[in-house]
Amino acid sequence: MRHVSSDFADIMDLQVTEHGSDARIVTVLGEVDALTAPELAAFLTAQLATARVVVVDLDGVDFLGSAGLSVLFEANQQAGRQDRVLRLVCNSRIANRALEATELKEHFSFADNVPDALTDSP
Amino acid sequence: MRHVSSDFADIMDLQVTEHGSDARIVTVLGEVDALTAPELAAFLTAQLATARVVVVDLDGVDFLGSAGLSVLFEANQQAGRQDRVLRLVCNSRIANRALEATELKEHFSFADNVPDALTDSP
Amino acid sequence: MSLELRTTASALVIPTIRSVAADLAARADFDLDSIDDLRMAVDDVCAMLVRIAARDATLSCSFIVRADRIELAAEIDADASAGPLPTKSFGWRVLESLADDVSVAYLPGVHGEGGRVCITLAKGAVAVPQT
Amino acid sequence: MSLELRTTASALVIPTIRSVAADLAARADFDLDSIDDLRMAVDDVCAMLVRIAARDATLSCSFIVRADRIELAAEIDADASAGPLPTKSFGWRVLESLADDVSVAYLPGVHGEGGRVCITLAKGAVAVPQT
Ligand SMILES: Nc1ncnc2c1ncn2[C@@H]1O[C@H](COP(=O)(O)OP(=O)(O)O)[C@@H](O)[C@H]1O
Ligand SMILES: Nc1ncnc2c1ncn2[C@@H]1O[C@H](COP(=O)(O)OP(=O)(O)O)[C@@H](O)[C@H]1O
């Protein structure tokens with residue numbers, strides 16, 4: 001687990017789990033804002049470079065601001081360009097509202113939970 | 001249940017349950033501060049006027065400031081003077097810390113839970 | 001009810017500012033979606049202003065809590081190298097989708113040549129259903 | 001890191017101010033007891049100042065977040081009828097048991113005859129075990 005923090009900062013945790021040779025589950029915990037979004041961007045880019053399916057589990061997200069939405073949006077576009085699958089699991093009310101209120105939801109593919117996200121692979 | 005609130009305010013809920021003819025359980029929920037403490041004071045005074053044993057359940061308290069501590073302290077003194085029993089149930093970390101940090105804890109009598117508070121009656 | 005927050009212009013204080021916004025909205029009985037939207041909008045505004053801040057600038061956020069809405073005016077002294085705010089950016093679009101009546105004003109600079117940049121917005125207490 | 005809050009002097013804003021204090025302390029990695037103590041101390045300070053406030057006064061709370069402690073200076077223009085703060089009261093004793101280095105200063109009034117009253121306190125990030 002990597003823990004992004006400083007002496008005075010909000011906190012985001014990123015965890016990655018491998019599932020077979022070509023799938024990764026990225027679990028995002030905490031607050032995704034201008035401070036922590038760059039770390040998420042670098043992390044997702046790295047996973048998309050090595051895995052065919054990347055599941056991003058947002059269930060533990062407490063804040064998702066425009067910096068974080070932008071990172072997810074770009075990762076999704078990168079996945080499309082590189083013939084990868086990016087799938088969101090998003091039962092966090094806050095993350096859901098962020099995607100809905102900004103009308104970004106339609107751009108993403110979703111699964112109800114992580115097992116579904118992995119078995120649904122096309 | 002009485003719900004103390006205004007258009008822009010913090011919120012305290014007070015509930016009272018009768019237990020036999022001479023015991024009352026007062027459940028305090030939410031924030032007890034300068035805004036809401038007077039309501040708690042009036043409530044406790046009224047219960048102590050009619051019941052011999054008053055159990056104050058603080059488990060649902062989210063904030064307990066000096067105004068609230070003062071009300072509890074005075075109610076406890078009133079109980080002593082009038083030969084009543086005031087007993088606190090206090091498993092809320094925040095309420096516990098308030099009583100401990102101010103060294104007021106030793107002035108009160110406590111029970112682990114409401115049933116104990118009622119059966120322990122001297 | 002009015003509340004002004006003046007802070008060091010740093011991304012490190014934004015979490016606290018957005019918490020204040022959410023706290024005000026919750027206590028003013030905003031619905032959950034509107035609280036979230038305001039929190040995100042305030043985050044976005046502060047991040048945009050901190051990014052263009054002059055050295056040692058102070059970020060000022062003035063909230064006014066009205067019966068059915070909260071208004072924010074956020075201001076900063078901009079760095080001389082900062083251009084106008086990117087109102088076609090991803091972040092600005094997000095802001096416009098979250099808040100009502102978003103606007104930006106450029107005022108003559110009090111300190112330095114970057115001028116003073118002010119973003120104002122309003123947010124109603126009840127979320128409009130998404131179409 | 002510094003943060004100043006300027007608000008309408010009303011008991012209605014105190015919940016928001018104490019939330020800011022707790023938020024700052026939590027993000028500065030204070031332990032849970034110290035966060036609680038600071039929240040209570042700030043509540044107490046604000047309540048005492050609001051009680052003596054002149055009509056239409058502004059309550060100002062300046063927080064400074066240091067590596068291992070948070071300092072607060074809270075100020076208000078007092079009403080002409082207000083006497084000195086009751087430093088022997090229950091509330092003041094509570095304050096002294098919760099915070100370190102509590103002090104009060106009376107400054108010449110800028111507006112009105114009540115003068116300006118300032119309470120300062122500090123709170124360390126780690127709670128001292130109760131004896
Ligand atoms: N509310 C929104 N906020 C930000 N981007 C959005 C929003 N809704 C949709 N988008 C998407 O953002 C993408 C980027 O838009 P584009 O016009 O290509 O670039 P830019 O936003 O940088 O001008 C578009 O594909 C658009 O669908
Ligand atoms: N930290 C504290 N804050 C407030 N009151 C306390 C504290 N610790 C103990 N007390 C109790 O407050 C009670 C009131 O004190 P007293 O000297 O009679 O009145 P006053 O506080 O109004 O001067 C005392 O019984 C004392 O034990």
# chains A, B, ... in the order shown; residues from 1 in each chain; ligands from 1

call {"tool": "calpha_fit_rmsd", "arguments": {"fixed": "chain B", "moving": "chain A"}}
result
0.0 Å

call {"tool": "residues_near_ligand", "arguments": {"ligand": "ligand 1", "cutoff": "6 Å", "atoms": "only C-alpha atoms and all ligand atoms", "output": "MDAnalysis selection string"}}
result
(chainID A and resid 102:104) or (chainID C and resid 88:90 93:94 97)

call {"tool": "closest_residue", "arguments": {"among": "A:Ala23, A:Val71, A:Gln15, A:Val53", "to": "Ala41 (chain A)", "atoms": "only C-alpha atoms"}}
result
A:Val71

call {"tool": "residues_around", "arguments": {"residues": "region 20-35 of chain D", "least_positions_apart": "5", "cutoff": "10 Å", "atoms": "only C-alpha atoms", "output": "number ranges by chain"}}
result
A: 5-11; B: 93-94, 97-98, 101; C: 12-13, 15-17, 19-20, 23; D: 1, 3, 5, 14-15, 40-43, 61, 63-70, 72, 98-99, 123-129

call {"tool": "residues_around", "arguments": {"residues": "Asn91 (chain B)", "least_positions_apart": "2", "cutoff": "12 Å", "atoms": "only C-alpha atoms", "output": "PDB file with N, CA, C and O atoms, in the first residue's frame"}}
result
ATOM      1  N   VAL B  56     -28.866   9.683  32.433  1.00  0.00           N
ATOM      2  CA  VAL B  56     -28.602  10.500  31.242  1.00  0.00           C
ATOM      3  C   VAL B  56     -27.692   9.699  30.319  1.00  0.00           C
ATOM      4  O   VAL B  56     -26.546   9.409  30.653  1.00  0.00           O
ATOM      5  N   ASP B  57     -28.239   9.314  29.165  1.00  0.00           N
ATOM      6  CA  ASP B  57     -27.509   8.490  28.213  1.00  0.00           C
ATOM      7  C   ASP B  57     -26.813   9.410  27.212  1.00  0.00           C
ATOM      8  O   ASP B  57     -27.457  10.033  26.367  1.00  0.00           O
ATOM      9  N   LEU B  58     -25.480   9.485  27.322  1.00  0.00           N
ATOM     10  CA  LEU B  58     -24.695  10.391  26.474  1.00  0.00           C
ATOM     11  C   LEU B  58     -24.047   9.665  25.291  1.00  0.00           C
ATOM     12  O   LEU B  58     -23.216  10.237  24.580  1.00  0.00           O
ATOM     13  N   ASP B  59     -24.411   8.399  25.071  1.00  0.00           N
ATOM     14  CA  ASP B  59     -23.734   7.611  24.032  1.00  0.00           C
ATOM     15  C   ASP B  59     -23.834   8.236  22.647  1.00  0.00           C
ATOM     16  O   ASP B  59     -22.958   8.054  21.810  1.00  0.00           O
ATOM     17  N   GLY B  60     -24.916   8.989  22.397  1.00  0.00           N
ATOM     18  CA  GLY B  60     -25.104   9.562  21.067  1.00  0.00           C
ATOM     19  C   GLY B  60     -24.676  11.023  20.962  1.00  0.00           C
ATOM     20  O   GLY B  60     -25.075  11.720  20.034  1.00  0.00           O
ATOM     21  N   VAL B  61     -23.830  11.446  21.904  1.00  0.00           N
ATOM     22  CA  VAL B  61     -23.386  12.843  21.896  1.00  0.00           C
ATOM     23  C   VAL B  61     -22.165  13.017  20.988  1.00  0.00           C
ATOM     24  O   VAL B  61     -21.191  12.282  21.102  1.00  0.00           O
ATOM     25  N   ASP B  62     -22.241  13.977  20.069  1.00  0.00           N
ATOM     26  CA  ASP B  62     -21.151  14.251  19.123  1.00  0.00           C
ATOM     27  C   ASP B  62     -20.269  15.397  19.575  1.00  0.00           C
ATOM     28  O   ASP B  62     -19.165  15.582  19.063  1.00  0.00           O
ATOM     29  N   LEU B  88     -24.828   8.807  34.834  1.00  0.00           N
ATOM     30  CA  LEU B  88     -24.478   8.965  33.417  1.00  0.00           C
ATOM     31  C   LEU B  88     -24.129   7.623  32.782  1.00  0.00           C
ATOM     32  O   LEU B  88     -23.459   6.794  33.397  1.00  0.00           O
ATOM     33  N   VAL B  89     -24.590   7.446  31.544  1.00  0.00           N
ATOM     34  CA  VAL B  89     -24.108   6.355  30.698  1.00  0.00           C
ATOM     35  C   VAL B  89     -23.323   7.051  29.597  1.00  0.00           C
ATOM     36  O   VAL B  89     -23.864   7.933  28.910  1.00  0.00           O
ATOM     37  N   ARG B  93     -16.937   8.400  22.882  1.00  0.00           N
ATOM     38  CA  ARG B  93     -15.543   8.795  23.093  1.00  0.00           C
ATOM     39  C   ARG B  93     -15.457  10.285  23.378  1.00  0.00           C
ATOM     40  O   ARG B  93     -14.727  10.739  24.258  1.00  0.00           O
ATOM     41  N   ILE B  94     -16.226  11.055  22.608  1.00  0.00           N
ATOM     42  CA  ILE B  94     -16.150  12.512  22.711  1.00  0.00           C
ATOM     43  C   ILE B  94     -16.658  13.005  24.067  1.00  0.00           C
ATOM     44  O   ILE B  94     -16.018  13.833  24.713  1.00  0.00           O
ATOM     45  N   ALA B  95     -17.790  12.487  24.534  1.00  0.00           N
ATOM     46  CA  ALA B  95     -18.329  12.924  25.827  1.00  0.00           C
ATOM     47  C   ALA B  95     -17.402  12.481  26.957  1.00  0.00           C
ATOM     48  O   ALA B  95     -17.157  13.218  27.915  1.00  0.00           O
ATOM     49  N   ASN B  96     -16.868  11.281  26.823  1.00  0.00           N
ATOM     50  CA  ASN B  96     -15.928  10.778  27.811  1.00  0.00           C
ATOM     51  C   ASN B  96     -14.693  11.655  27.924  1.00  0.00           C
ATOM     52  O   ASN B  96     -14.241  11.990  29.023  1.00  0.00           O
ATOM     53  N   ARG B  97     -14.146  12.011  26.767  1.00  0.00           N
ATOM     54  CA  ARG B  97     -12.961  12.868  26.760  1.00  0.00           C
ATOM     55  C   ARG B  97     -13.265  14.215  27.410  1.00  0.00           C
ATOM     56  O   ARG B  97     -12.457  14.752  28.154  1.00  0.00           O
ATOM     57  N   ALA B  98     -14.464  14.749  27.134  1.00  0.00           N
ATOM     58  CA  ALA B  98     -14.832  16.046  27.701  1.00  0.00           C
ATOM     59  C   ALA B  98     -14.826  15.970  29.224  1.00  0.00           C
ATOM     60  O   ALA B  98     -14.295  16.853  29.904  1.00  0.00           O
ATOM     61  N   LEU B  99     -15.391  14.892  29.778  1.00  0.00           N
ATOM     62  CA  LEU B  99     -15.450  14.748  31.235  1.00  0.00           C
ATOM     63  C   LEU B  99     -14.076  14.474  31.840  1.00  0.00           C
ATOM     64  O   LEU B  99     -13.769  14.927  32.941  1.00  0.00           O
ATOM     65  N   PHE B 110     -21.521   6.760  37.321  1.00  0.00           N
ATOM     66  CA  PHE B 110     -21.644   6.200  35.970  1.00  0.00           C
ATOM     67  C   PHE B 110     -22.180   4.777  35.998  1.00  0.00           C
ATOM     68  O   PHE B 110     -22.033   4.073  37.005  1.00  0.00           O
ATOM     69  N   ALA B 111     -22.788   4.374  34.895  1.00  0.00           N
ATOM     70  CA  ALA B 111     -23.106   2.965  34.682  1.00  0.00           C
ATOM     71  C   ALA B 111     -22.676   2.627  33.255  1.00  0.00           C
ATOM     72  O   ALA B 111     -22.568   3.507  32.404  1.00  0.00           O
ATOM     73  N   ASP B 112     -22.403   1.332  33.019  1.00  0.00           N
ATOM     74  CA  ASP B 112     -21.903   0.934  31.697  1.00  0.00           C
ATOM     75  C   ASP B 112     -22.962   1.079  30.611  1.00  0.00           C
ATOM     76  O   ASP B 112     -22.660   1.307  29.453  1.00  0.00           O
ATOM     77  N   ASN B 113     -24.233   0.866  31.012  1.00  0.00           N
ATOM     78  CA  ASN B 113     -25.311   0.949  30.034  1.00  0.00           C
ATOM     79  C   ASN B 113     -26.612   1.265  30.782  1.00  0.00           C
ATOM     80  O   ASN B 113     -26.631   1.293  32.015  1.00  0.00           O
ATOM     81  N   VAL B 114     -27.671   1.500  30.015  1.00  0.00           N
ATOM     82  CA  VAL B 114     -28.921   1.938  30.633  1.00  0.00           C
ATOM     83  C   VAL B 114     -29.513   0.888  31.580  1.00  0.00           C
ATOM     84  O   VAL B 114     -29.888   1.225  32.715  1.00  0.00           O
TER      85      VAL B 114
END

call {"tool": "closest_residue", "arguments": {"among": "C:Ala9, C:Cys118, C:Ala80, C:Cys46", "to": "chain A", "atoms": "only C-alpha atoms"}}
result
C:Cys46

call {"tool": "closest_atom_pairs", "arguments": {"of": "chain D", "to": "chain C", "cutoff": "6 Å", "atoms": "only C-alpha atoms", "output": "CSV"}}
result
residue,atom,partner,partner_atom,distance
D:Ser2,CA,C:Thr7,CA,5.8
D:Leu3,CA,C:Thr7,CA,4.4
D:Glu4,CA,C:Arg6,CA,5.0
D:Leu5,CA,C:Leu5,CA,4.7
D:Arg6,CA,C:Glu4,CA,5.0
D:Thr7,CA,C:Leu3,CA,4.4
D:Thr8,CA,C:Ser2,CA,6.0

call {"tool": "select_by_dssp", "arguments": {"residues": "region 70-111 of chain A", "states": "strand (DSSP E)", "output": "list in words"}}
result
Val85, Leu86, Arg87, Leu88, Val89, Ser109, Phe110 and Ala111 of chain A

call {"tool": "closest_residue", "arguments": {"among": "B:Pro115, B:Gln78, B:Leu69, B:Cys90", "to": "ligand 2", "atoms": "only C-alpha atoms and all ligand atoms"}}
result
B:Leu69

call {"tool": "select_by_dssp", "arguments": {"residues": "chain D", "states": "alpha helix (DSSP H)", "output": "PyMOL selection string"}}
result
chain D and resi 14-27+32-51+90-98

call {"tool": "write_last_selection", "arguments": {"atoms": "C-alpha atoms", "output": "PDB file, in the first residue's frame"}}
result
ATOM      1  CA  ILE D  14     -19.533  28.565  16.537  1.00  0.00           C
ATOM      2  CA  PRO D  15     -20.188  24.998  15.325  1.00  0.00           C
ATOM      3  CA  THR D  16     -18.498  25.870  12.031  1.00  0.00           C
ATOM      4  CA  ILE D  17     -15.525  27.489  13.764  1.00  0.00           C
ATOM      5  CA  ARG D  18     -14.944  24.530  16.063  1.00  0.00           C
ATOM      6  CA  SER D  19     -15.192  22.210  13.040  1.00  0.00           C
ATOM      7  CA  VAL D  20     -12.450  24.217  11.333  1.00  0.00           C
ATOM      8  CA  ALA D  21     -10.275  23.859  14.435  1.00  0.00           C
ATOM      9  CA  ALA D  22     -10.835  20.096  14.509  1.00  0.00           C
ATOM     10  CA  ASP D  23     -10.192  19.819  10.764  1.00  0.00           C
ATOM     11  CA  LEU D  24      -6.893  21.690  11.049  1.00  0.00           C
ATOM     12  CA  ALA D  25      -5.822  19.552  14.000  1.00  0.00           C
ATOM     13  CA  ALA D  26      -6.779  16.295  12.275  1.00  0.00           C
ATOM     14  CA  ARG D  27      -4.848  17.233   9.140  1.00  0.00           C
ATOM     15  CA  LEU D  32      -7.737  12.141  18.880  1.00  0.00           C
ATOM     16  CA  ASP D  33      -7.760  13.512  22.434  1.00  0.00           C
ATOM     17  CA  SER D  34      -5.920  16.659  21.378  1.00  0.00           C
ATOM     18  CA  ILE D  35      -8.322  17.194  18.469  1.00  0.00           C
ATOM     19  CA  ASP D  36     -11.265  16.925  20.886  1.00  0.00           C
ATOM     20  CA  ASP D  37      -9.622  19.214  23.431  1.00  0.00           C
ATOM     21  CA  LEU D  38      -8.915  21.872  20.805  1.00  0.00           C
ATOM     22  CA  ARG D  39     -12.477  21.645  19.477  1.00  0.00           C
ATOM     23  CA  MET D  40     -13.867  22.190  22.992  1.00  0.00           C
ATOM     24  CA  ALA D  41     -11.399  24.976  23.816  1.00  0.00           C
ATOM     25  CA  VAL D  42     -12.225  26.859  20.608  1.00  0.00           C
ATOM     26  CA  ASP D  43     -15.937  26.448  21.275  1.00  0.00           C
ATOM     27  CA  ASP D  44     -15.477  27.856  24.759  1.00  0.00           C
ATOM     28  CA  VAL D  45     -13.397  30.848  23.578  1.00  0.00           C
ATOM     29  CA  CYS D  46     -15.877  31.751  20.853  1.00  0.00           C
ATOM     30  CA  ALA D  47     -18.861  31.419  23.189  1.00  0.00           C
ATOM     31  CA  MET D  48     -17.239  33.749  25.730  1.00  0.00           C
ATOM     32  CA  LEU D  49     -16.462  36.379  23.090  1.00  0.00           C
ATOM     33  CA  VAL D  50     -19.843  36.205  21.359  1.00  0.00           C
ATOM     34  CA  ARG D  51     -21.510  36.735  24.743  1.00  0.00           C
ATOM     35  CA  PHE D  90     -16.713  27.346  35.110  1.00  0.00           C
ATOM     36  CA  GLY D  91     -16.107  28.001  31.387  1.00  0.00           C
ATOM     37  CA  TRP D  92     -12.715  29.592  31.973  1.00  0.00           C
ATOM     38  CA  ARG D  93     -11.603  26.693  34.195  1.00  0.00           C
ATOM     39  CA  VAL D  94     -12.684  24.265  31.509  1.00  0.00           C
ATOM     40  CA  LEU D  95     -10.694  26.291  28.984  1.00  0.00           C
ATOM     41  CA  GLU D  96      -7.561  26.213  31.116  1.00  0.00           C
ATOM     42  CA  SER D  97      -7.842  22.473  31.577  1.00  0.00           C
ATOM     43  CA  LEU D  98      -8.184  21.917  27.803  1.00  0.00           C
TER      44      LEU D  98
END

call {"tool": "closest_residue", "arguments": {"among": "B:Thr36, B:Thr27, B:Ser70, B:Ser21", "to": "ligand 2", "atoms": "only C-alpha atoms and all ligand atoms"}}
result
B:Ser70

call {"tool": "residues_around", "arguments": {"residues": "Ala79 (chain A)", "least_positions_apart": "5", "cutoff": "12 Å", "atoms": "only C-alpha atoms", "output": "number ranges by chain"}}
result
A: 44-55, 72-74, 84-87, 108-109

call {"tool": "write_last_selection", "arguments": {"atoms": "N, CA, C and O atoms", "output": "PDB file, in the first residue's frame"}}
result
ATOM      1  N   LEU A  44      -2.374   5.043 -12.483  1.00  0.00           N
ATOM      2  CA  LEU A  44      -3.262   4.451 -13.493  1.00  0.00           C
ATOM      3  C   LEU A  44      -2.529   4.285 -14.828  1.00  0.00           C
ATOM      4  O   LEU A  44      -2.686   3.264 -15.514  1.00  0.00           O
ATOM      5  N   THR A  45      -1.729   5.264 -15.194  1.00  0.00           N
ATOM      6  CA  THR A  45      -0.958   5.165 -16.441  1.00  0.00           C
ATOM      7  C   THR A  45      -0.053   3.940 -16.405  1.00  0.00           C
ATOM      8  O   THR A  45       0.028   3.174 -17.377  1.00  0.00           O
ATOM      9  N   ALA A  46       0.588   3.733 -15.261  1.00  0.00           N
ATOM     10  CA  ALA A  46       1.486   2.579 -15.118  1.00  0.00           C
ATOM     11  C   ALA A  46       0.716   1.263 -15.217  1.00  0.00           C
ATOM     12  O   ALA A  46       1.148   0.324 -15.891  1.00  0.00           O
ATOM     13  N   GLN A  47      -0.448   1.187 -14.585  1.00  0.00           N
ATOM     14  CA  GLN A  47      -1.228  -0.060 -14.637  1.00  0.00           C
ATOM     15  C   GLN A  47      -1.727  -0.325 -16.054  1.00  0.00           C
ATOM     16  O   GLN A  47      -1.697  -1.462 -16.530  1.00  0.00           O
ATOM     17  N   LEU A  48      -2.170   0.728 -16.732  1.00  0.00           N
ATOM     18  CA  LEU A  48      -2.694   0.561 -18.095  1.00  0.00           C
ATOM     19  C   LEU A  48      -1.578   0.170 -19.069  1.00  0.00           C
ATOM     20  O   LEU A  48      -1.854  -0.391 -20.132  1.00  0.00           O
ATOM     21  N   ALA A  49      -0.339   0.447 -18.701  1.00  0.00           N
ATOM     22  CA  ALA A  49       0.780   0.076 -19.580  1.00  0.00           C
ATOM     23  C   ALA A  49       1.048  -1.417 -19.513  1.00  0.00           C
ATOM     24  O   ALA A  49       1.564  -2.004 -20.465  1.00  0.00           O
ATOM     25  N   THR A  50       0.679  -2.062 -18.398  1.00  0.00           N
ATOM     26  CA  THR A  50       1.046  -3.478 -18.251  1.00  0.00           C
ATOM     27  C   THR A  50      -0.157  -4.425 -18.232  1.00  0.00           C
ATOM     28  O   THR A  50       0.010  -5.612 -18.502  1.00  0.00           O
ATOM     29  N   ALA A  51      -1.348  -3.934 -17.921  1.00  0.00           N
ATOM     30  CA  ALA A  51      -2.494  -4.840 -17.809  1.00  0.00           C
ATOM     31  C   ALA A  51      -3.534  -4.518 -18.876  1.00  0.00           C
ATOM     32  O   ALA A  51      -3.653  -3.373 -19.312  1.00  0.00           O
ATOM     33  N   ARG A  52      -4.295  -5.530 -19.270  1.00  0.00           N
ATOM     34  CA  ARG A  52      -5.326  -5.330 -20.291  1.00  0.00           C
ATOM     35  C   ARG A  52      -6.603  -4.783 -19.664  1.00  0.00           C
ATOM     36  O   ARG A  52      -7.309  -3.969 -20.250  1.00  0.00           O
ATOM     37  N   VAL A  53      -6.903  -5.278 -18.446  1.00  0.00           N
ATOM     38  CA  VAL A  53      -8.101  -4.830 -17.734  1.00  0.00           C
ATOM     39  C   VAL A  53      -7.686  -4.140 -16.432  1.00  0.00           C
ATOM     40  O   VAL A  53      -6.968  -4.733 -15.623  1.00  0.00           O
ATOM     41  N   VAL A  54      -8.123  -2.904 -16.271  1.00  0.00           N
ATOM     42  CA  VAL A  54      -7.853  -2.208 -15.014  1.00  0.00           C
ATOM     43  C   VAL A  54      -9.196  -1.816 -14.384  1.00  0.00           C
ATOM     44  O   VAL A  54      -9.994  -1.089 -14.970  1.00  0.00           O
ATOM     45  N   VAL A  55      -9.432  -2.377 -13.185  1.00  0.00           N
ATOM     46  CA  VAL A  55     -10.648  -2.067 -12.435  1.00  0.00           C
ATOM     47  C   VAL A  55     -10.268  -1.012 -11.392  1.00  0.00           C
ATOM     48  O   VAL A  55      -9.312  -1.203 -10.643  1.00  0.00           O
ATOM     49  N   LEU A  72      -9.419  10.443 -14.074  1.00  0.00           N
ATOM     50  CA  LEU A  72     -10.188   9.258 -14.476  1.00  0.00           C
ATOM     51  C   LEU A  72     -10.587   9.353 -15.946  1.00  0.00           C
ATOM     52  O   LEU A  72     -10.520   8.383 -16.695  1.00  0.00           O
ATOM     53  N   PHE A  73     -10.989  10.566 -16.351  1.00  0.00           N
ATOM     54  CA  PHE A  73     -11.414  10.793 -17.737  1.00  0.00           C
ATOM     55  C   PHE A  73     -10.257  10.524 -18.703  1.00  0.00           C
ATOM     56  O   PHE A  73     -10.420   9.843 -19.720  1.00  0.00           O
ATOM     57  N   GLU A  74      -9.082  11.016 -18.360  1.00  0.00           N
ATOM     58  CA  GLU A  74      -7.913  10.818 -19.236  1.00  0.00           C
ATOM     59  C   GLU A  74      -7.465   9.363 -19.257  1.00  0.00           C
ATOM     60  O   GLU A  74      -7.079   8.846 -20.308  1.00  0.00           O
ATOM     61  N   ARG A  84      -7.323  -1.085 -24.113  1.00  0.00           N
ATOM     62  CA  ARG A  84      -7.426  -1.641 -22.766  1.00  0.00           C
ATOM     63  C   ARG A  84      -8.851  -1.425 -22.278  1.00  0.00           C
ATOM     64  O   ARG A  84      -9.602  -0.634 -22.857  1.00  0.00           O
ATOM     65  N   VAL A  85      -9.179  -2.095 -21.185  1.00  0.00           N
ATOM     66  CA  VAL A  85     -10.488  -1.903 -20.561  1.00  0.00           C
ATOM     67  C   VAL A  85     -10.301  -1.211 -19.207  1.00  0.00           C
ATOM     68  O   VAL A  85      -9.540  -1.702 -18.368  1.00  0.00           O
ATOM     69  N   LEU A  86     -10.944  -0.062 -19.028  1.00  0.00           N
ATOM     70  CA  LEU A  86     -10.973   0.579 -17.706  1.00  0.00           C
ATOM     71  C   LEU A  86     -12.403   0.474 -17.206  1.00  0.00           C
ATOM     72  O   LEU A  86     -13.346   0.844 -17.914  1.00  0.00           O
ATOM     73  N   ARG A  87     -12.562  -0.090 -16.011  1.00  0.00           N
ATOM     74  CA  ARG A  87     -13.920  -0.282 -15.486  1.00  0.00           C
ATOM     75  C   ARG A  87     -13.979   0.273 -14.067  1.00  0.00           C
ATOM     76  O   ARG A  87     -13.104  -0.009 -13.259  1.00  0.00           O
ATOM     77  N   PHE A 108     -17.973   6.385 -18.935  1.00  0.00           N
ATOM     78  CA  PHE A 108     -17.257   5.269 -18.293  1.00  0.00           C
ATOM     79  C   PHE A 108     -18.036   3.969 -18.375  1.00  0.00           C
ATOM     80  O   PHE A 108     -19.256   3.963 -18.559  1.00  0.00           O
ATOM     81  N   SER A 109     -17.323   2.866 -18.194  1.00  0.00           N
ATOM     82  CA  SER A 109     -18.011   1.589 -18.029  1.00  0.00           C
ATOM     83  C   SER A 109     -17.917   1.198 -16.550  1.00  0.00           C
ATOM     84  O   SER A 109     -16.902   1.427 -15.887  1.00  0.00           O
TER      85      SER A 109
END

call {"tool": "residues_around", "arguments": {"residues": "Arg55 (chain D)", "least_positions_apart": "4", "cutoff": "9 Å", "atoms": "only C-alpha atoms", "output": "PyMOL selection string"}}
result
chain D and resi 9+77-79
